[in-house]
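Visitor: Got a structure for you, written out below as structure tokens; questions coming shortly.
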Amino acid sequence: MAEEPWADLTPDEKRAKRIEAWRNPPVEFANPEAKAAYTARIDRIIAAISLEKPDRVPISLNTGFWPAESAGMTPYEAMSDPARARKAWVDFNIKFQPDAMSDPVHNTVPGSMFEKLDYKLYSWPGHGVPKETGYQFNEKEWMQPEDYDALISNPTDYMLRTYLPRTVGAFAGFAGLSSVFDFIELPFVSGHVGGWGAPEMVAGLERLTAAAKDLNGWWAGTALPTMGELMSIGFPPYRSCGSKAPFDILGDTLRGTRGVILDMFRQPEKVIEACERLVQVAIDWPLKRPVGPGTPVVFLPLHKGADGFMSDEQFDTFYWPTLRKVLLGFIDEGMIPFCFAEGRFNSRLETIMDLPKGKTVWLFDQTDMARAKQTIGKVACLEGNMPLSLLHAGTPEEVANHTRRLIDMAGEGGGYIMDIGAVADGGKDENLHAMIKTTKEYGVY
């Protein structure tokens, strides 16, 4: 019997298929015990996401460079020594035994790739920031206030021929290209092709080729083997792709903080129109890659919607309407939106409840977890809220006590995943052990 076309499936049917593929990956497990552990971990996570009671509170680790630090490596070494980085991430998972894999994808990407691209948006270890620290965004109005119409009219064309030439040196030559629509009529073709032979374009393509070789070598030698090994011994991947809130796409690395704040007052209608235009862009971003997402969980770091950045009225006007459309778009495709609510979202909790029940995960950083449980926790899985400062400066006893408080507040009845509230580039290993041990002992249902 022919399989029903994907487009004809309901959102719940799509979700079920994605979860089934997540539970049963094409992996050769090391032994039956590893396969059983993998399945138990997946089922534990899925139950929590679905607001059901698993056997105990699941554990995920919102780690950045911590596996490198635990292995005695600097962030620079993690991005330049793939063999040691791979071992560090495998050892870290074996050492701490989380339910969701702490993967190497974001923090072992070769720094040489960024150098060859001449990537200007961020500084990274050993390039603009010390080798001992993580990466840092370079705040600037990379998109100019008069660019709104170009972005709204054709986001891809704007990115390729205006934004990227400003922000990535390897794309400088693309500013000299004419529209790709030249190819649809023979007399127009020559008007486009010549731009590809410009000296700036040729140099840029050489940069891109060199960067791609570095990246592909890393994928083949570090990322894929590490994740494959971790899966084979029982650790499932968790968040496998990412997107952003439309306002954050606009306000983080396009207009920048100062620029988008001014725009909310000087040209609010353009901000709203741009956010609406970016809704489908945000949905297509992870779903229309050549290779589809490896798990149903799509990561969305939420930045400028936090308390203190904008008023509740501004949140309801500029931020939430288009973010909600993106979340619903992912849910319609069977995905599980994972919203990383950085900072505090205390004044947003009632508003963000307007979502289907049991379809999203919200990782909270500094939000009041008791209030979150009574509001958004009624319709969504909660995660996180373990203070990074406590893991750095506290004692194991203090961490264990806070772990129990979080389980009491957020874990009652299910629907909670233990995690760190912010990305952890390091901390005391003994404190992380205390969080995990306490969760496994105290968080049993």
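The chains in the structure tokens are called A, B, ... from first to last as shown; in each chain the residues are counted from 1, and the ligands are counted from 1 in the order shown.
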Can you tell me which residues surround Pro301 (chain A) at a distance of at most 12 Å, considering only C-alpha atoms, apart from same-chain residues fewer than 5 positions away, and format the answer as a PyMOL selection string?
Guide: chain A and resi 239+241-249+252+306+323+337-343+361-365+422-423
Visitor: Restricting the output to N, CA and C atoms, write the selected residues as a JSON list (two decimals), in the first residue's frame.
Guide:
[["chain", "number", "residue", "atom", "x", "y", "z"],
["A", 239, "ARG", "N", 17.72, 18.76, 20.36],
["A", 239, "ARG", "CA", 17.42, 19.85, 19.44],
["A", 239, "ARG", "C", 18.32, 19.71, 18.21],
["A", 241, "CYS", "N", 17.74, 21.33, 14.99],
["A", 241, "CYS", "CA", 17.71, 22.41, 14.02],
["A", 241, "CYS", "C", 17.25, 23.67, 14.74],
["A", 242, "GLY", "N", 17.33, 24.81, 14.08],
["A", 242, "GLY", "CA", 16.99, 26.05, 14.75],
["A", 242, "GLY", "C", 16.34, 27.08, 13.85],
["A", 243, "SER", "N", 15.66, 28.01, 14.50],
["A", 243, "SER", "CA", 15.06, 29.16, 13.82],
["A", 243, "SER", "C", 15.00, 30.28, 14.84],
["A", 244, "LYS", "N", 14.31, 31.37, 14.50],
["A", 244, "LYS", "CA", 14.22, 32.50, 15.43],
["A", 244, "LYS", "C", 12.86, 33.16, 15.32],
["A", 245, "ALA", "N", 12.52, 33.92, 16.36],
["A", 245, "ALA", "CA", 11.33, 34.77, 16.29],
["A", 245, "ALA", "C", 11.57, 35.84, 15.22],
["A", 246, "PRO", "N", 10.57, 36.16, 14.39],
["A", 246, "PRO", "CA", 10.78, 37.18, 13.35],
["A", 246, "PRO", "C", 11.35, 38.49, 13.89],
["A", 247, "PHE", "N", 10.87, 38.95, 15.05],
["A", 247, "PHE", "CA", 11.41, 40.20, 15.60],
["A", 247, "PHE", "C", 12.89, 40.06, 15.93],
["A", 248, "ASP", "N", 13.31, 38.87, 16.38],
["A", 248, "ASP", "CA", 14.73, 38.67, 16.70],
["A", 248, "ASP", "C", 15.58, 38.55, 15.45],
["A", 249, "ILE", "N", 15.04, 37.97, 14.39],
["A", 249, "ILE", "CA", 15.77, 37.97, 13.12],
["A", 249, "ILE", "C", 16.08, 39.41, 12.73],
["A", 252, "ASP", "N", 18.17, 41.34, 16.15],
["A", 252, "ASP", "CA", 19.45, 40.86, 16.67],
["A", 252, "ASP", "C", 20.60, 41.23, 15.74],
["A", 306, "ALA", "N", 12.18, 39.57, 26.06],
["A", 306, "ALA", "CA", 12.31, 39.42, 27.51],
["A", 306, "ALA", "C", 11.81, 40.66, 28.25],
["A", 323, "LEU", "N", 5.77, 35.57, 16.35],
["A", 323, "LEU", "CA", 6.37, 34.38, 16.96],
["A", 323, "LEU", "C", 5.32, 33.28, 17.06],
["A", 337, "PRO", "N", 8.35, 22.95, 18.74],
["A", 337, "PRO", "CA", 9.12, 24.17, 19.01],
["A", 337, "PRO", "C", 9.69, 24.17, 20.43],
["A", 338, "PHE", "N", 10.98, 24.49, 20.51],
["A", 338, "PHE", "CA", 11.68, 24.57, 21.78],
["A", 338, "PHE", "C", 12.10, 26.02, 21.97],
["A", 339, "CYS", "N", 11.40, 26.74, 22.85],
["A", 339, "CYS", "CA", 11.63, 28.17, 23.02],
["A", 339, "CYS", "C", 12.55, 28.42, 24.21],
["A", 340, "PHE", "N", 13.73, 28.94, 23.92],
["A", 340, "PHE", "CA", 14.70, 29.26, 24.97],
["A", 340, "PHE", "C", 14.46, 30.71, 25.38],
["A", 341, "ALA", "N", 13.68, 30.90, 26.45],
["A", 341, "ALA", "CA", 13.29, 32.23, 26.92],
["A", 341, "ALA", "C", 14.40, 32.80, 27.79],
["A", 342, "GLU", "N", 15.40, 33.40, 27.16],
["A", 342, "GLU", "CA", 16.55, 33.93, 27.88],
["A", 342, "GLU", "C", 16.14, 35.16, 28.70],
["A", 343, "GLY", "N", 16.83, 35.37, 29.82],
["A", 343, "GLY", "CA", 16.46, 36.46, 30.71],
["A", 343, "GLY", "C", 15.20, 36.11, 31.49],
["A", 361, "VAL", "N", 7.96, 23.31, 24.08],
["A", 361, "VAL", "CA", 8.81, 23.27, 25.27],
["A", 361, "VAL", "C", 9.33, 24.69, 25.49],
["A", 362, "TRP", "N", 9.34, 25.13, 26.75],
["A", 362, "TRP", "CA", 9.85, 26.46, 27.10],
["A", 362, "TRP", "C", 10.95, 26.32, 28.13],
["A", 363, "LEU", "N", 12.18, 26.59, 27.74],
["A", 363, "LEU", "CA", 13.30, 26.59, 28.67],
["A", 363, "LEU", "C", 13.43, 28.00, 29.24],
["A", 364, "PHE", "N", 13.25, 28.11, 30.55],
["A", 364, "PHE", "CA", 13.30, 29.41, 31.22],
["A", 364, "PHE", "C", 14.63, 29.60, 31.94],
["A", 365, "ASP", "N", 15.14, 30.80, 31.82],
["A", 365, "ASP", "CA", 16.41, 31.19, 32.40],
["A", 365, "ASP", "C", 16.21, 31.69, 33.82],
["A", 422, "ALA", "N", 20.81, 28.87, 31.54],
["A", 422, "ALA", "CA", 21.55, 29.60, 30.52],
["A", 422, "ALA", "C", 22.60, 28.68, 29.93],
["A", 423, "VAL", "N", 23.12, 29.03, 28.77],
["A", 423, "VAL", "CA", 24.15, 28.20, 28.14],
["A", 423, "VAL", "C", 25.39, 28.19, 29.03]]
Visitor: As a count of residues only, please: every residue in region 10-147 of chain A that DSSP puts in alpha helix (DSSP H).
Guide: 62
Visitor: Would you work out the distance separating CA of Val27 (chain A) from CA of Ile233 (chain A), expressed in Å to one decimal?
Guide: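 Going from CA of Val27 (chain A) over to CA of Ile233 (chain A), I get 10.0 Å.
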Visitor: Identify, with DSSP run on backbone atoms, the residues in region 179-388 of chain A assigned to strand (DSSP E), and express the list as a ChimeraX atom specification.
Guide: /A:239-242,297-302,336-341,361-364,381-384
Visitor: Taking 4 positions as the minimum chain separation for residues in the same chain, which residues sit within 9 Å of Pro25 (chain A) when counting only C-alpha atoms? Answer as JSON, numbers by chain.
Guide: {"A": [20, 21, 231]}
Visitor: Leaving out Lys440 (chain A) and any residue of its chain fewer than 6 positions from it, which residues lie within 9 Å of it when counting only C-alpha atoms, given as a PDB file with N, CA and C atoms, in the first residue's frame?
Guide:
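Listed below is the output, around-v4.pdb:
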ATOM      1  N   ARG A  56      10.534   9.354  35.579  1.00  0.00           N
ATOM      2  CA  ARG A  56      11.145  10.396  36.406  1.00  0.00           C
ATOM      3  C   ARG A  56      11.369  11.641  35.544  1.00  0.00           C
ATOM      4  N   VAL A  57      11.769  12.726  36.192  1.00  0.00           N
ATOM      5  CA  VAL A  57      12.066  13.966  35.479  1.00  0.00           C
ATOM      6  C   VAL A  57      13.251  13.740  34.545  1.00  0.00           C
ATOM      7  N   PRO A  58      13.108  14.029  33.252  1.00  0.00           N
ATOM      8  CA  PRO A  58      14.234  13.874  32.323  1.00  0.00           C
ATOM      9  C   PRO A  58      15.282  14.961  32.568  1.00  0.00           C
ATOM     10  N   ILE A  59      16.490  14.714  32.059  1.00  0.00           N
ATOM     11  CA  ILE A  59      17.612  15.637  32.241  1.00  0.00           C
ATOM     12  C   ILE A  59      18.219  15.988  30.890  1.00  0.00           C
TER      13      ILE A  59
END
Visitor: As a list in words, please: the residues near Glu77 (chain A) (cut-off 12 Å, only C-alpha atoms, same-chain neighbours under 5 positions excluded).
Guide: Phe65, Pro67, Ala68, Glu69, Ala71, Gly72, Pro82, Ala83, Arg84, Ala85, Arg86, Ala88, Asn107, Thr108, Val109, Pro110, Gly111, Ser112, Trp124, Pro125, Gly126, Pro130, Lys131, Glu132, Thr133 and Gly134 of chain A
Visitor: How close does each residue of region 292-403 of chain A get to region 28-50 of chain A, giving the shortest atom pair and distance in Å to one decimal for every residue with an atom at most 10 Å away, counting only C-alpha atoms, sorted by chain and residue number, as a tab-separated table?
Guide:
residue	atom	partner	partner_atom	distance
A:Ile336	CA	A:Ile49	CA	8.6
A:Phe338	CA	A:Ile49	CA	9.9
A:Lys357	CA	A:Ser50	CA	8.0
A:Gly358	CA	A:Ser50	CA	4.5
A:Lys359	CA	A:Ser50	CA	6.7
A:Thr360	CA	A:Ile49	CA	6.9
A:Val361	CA	A:Ile49	CA	6.4
A:Trp362	CA	A:Ile49	CA	9.7
A:Val379	CA	A:Ser50	CA	9.2
A:Ala380	CA	A:Ile49	CA	7.2
A:Cys381	CA	A:Ile49	CA	5.0
A:Leu382	CA	A:Ile49	CA	8.1
A:Glu383	CA	A:Ile49	CA	9.5
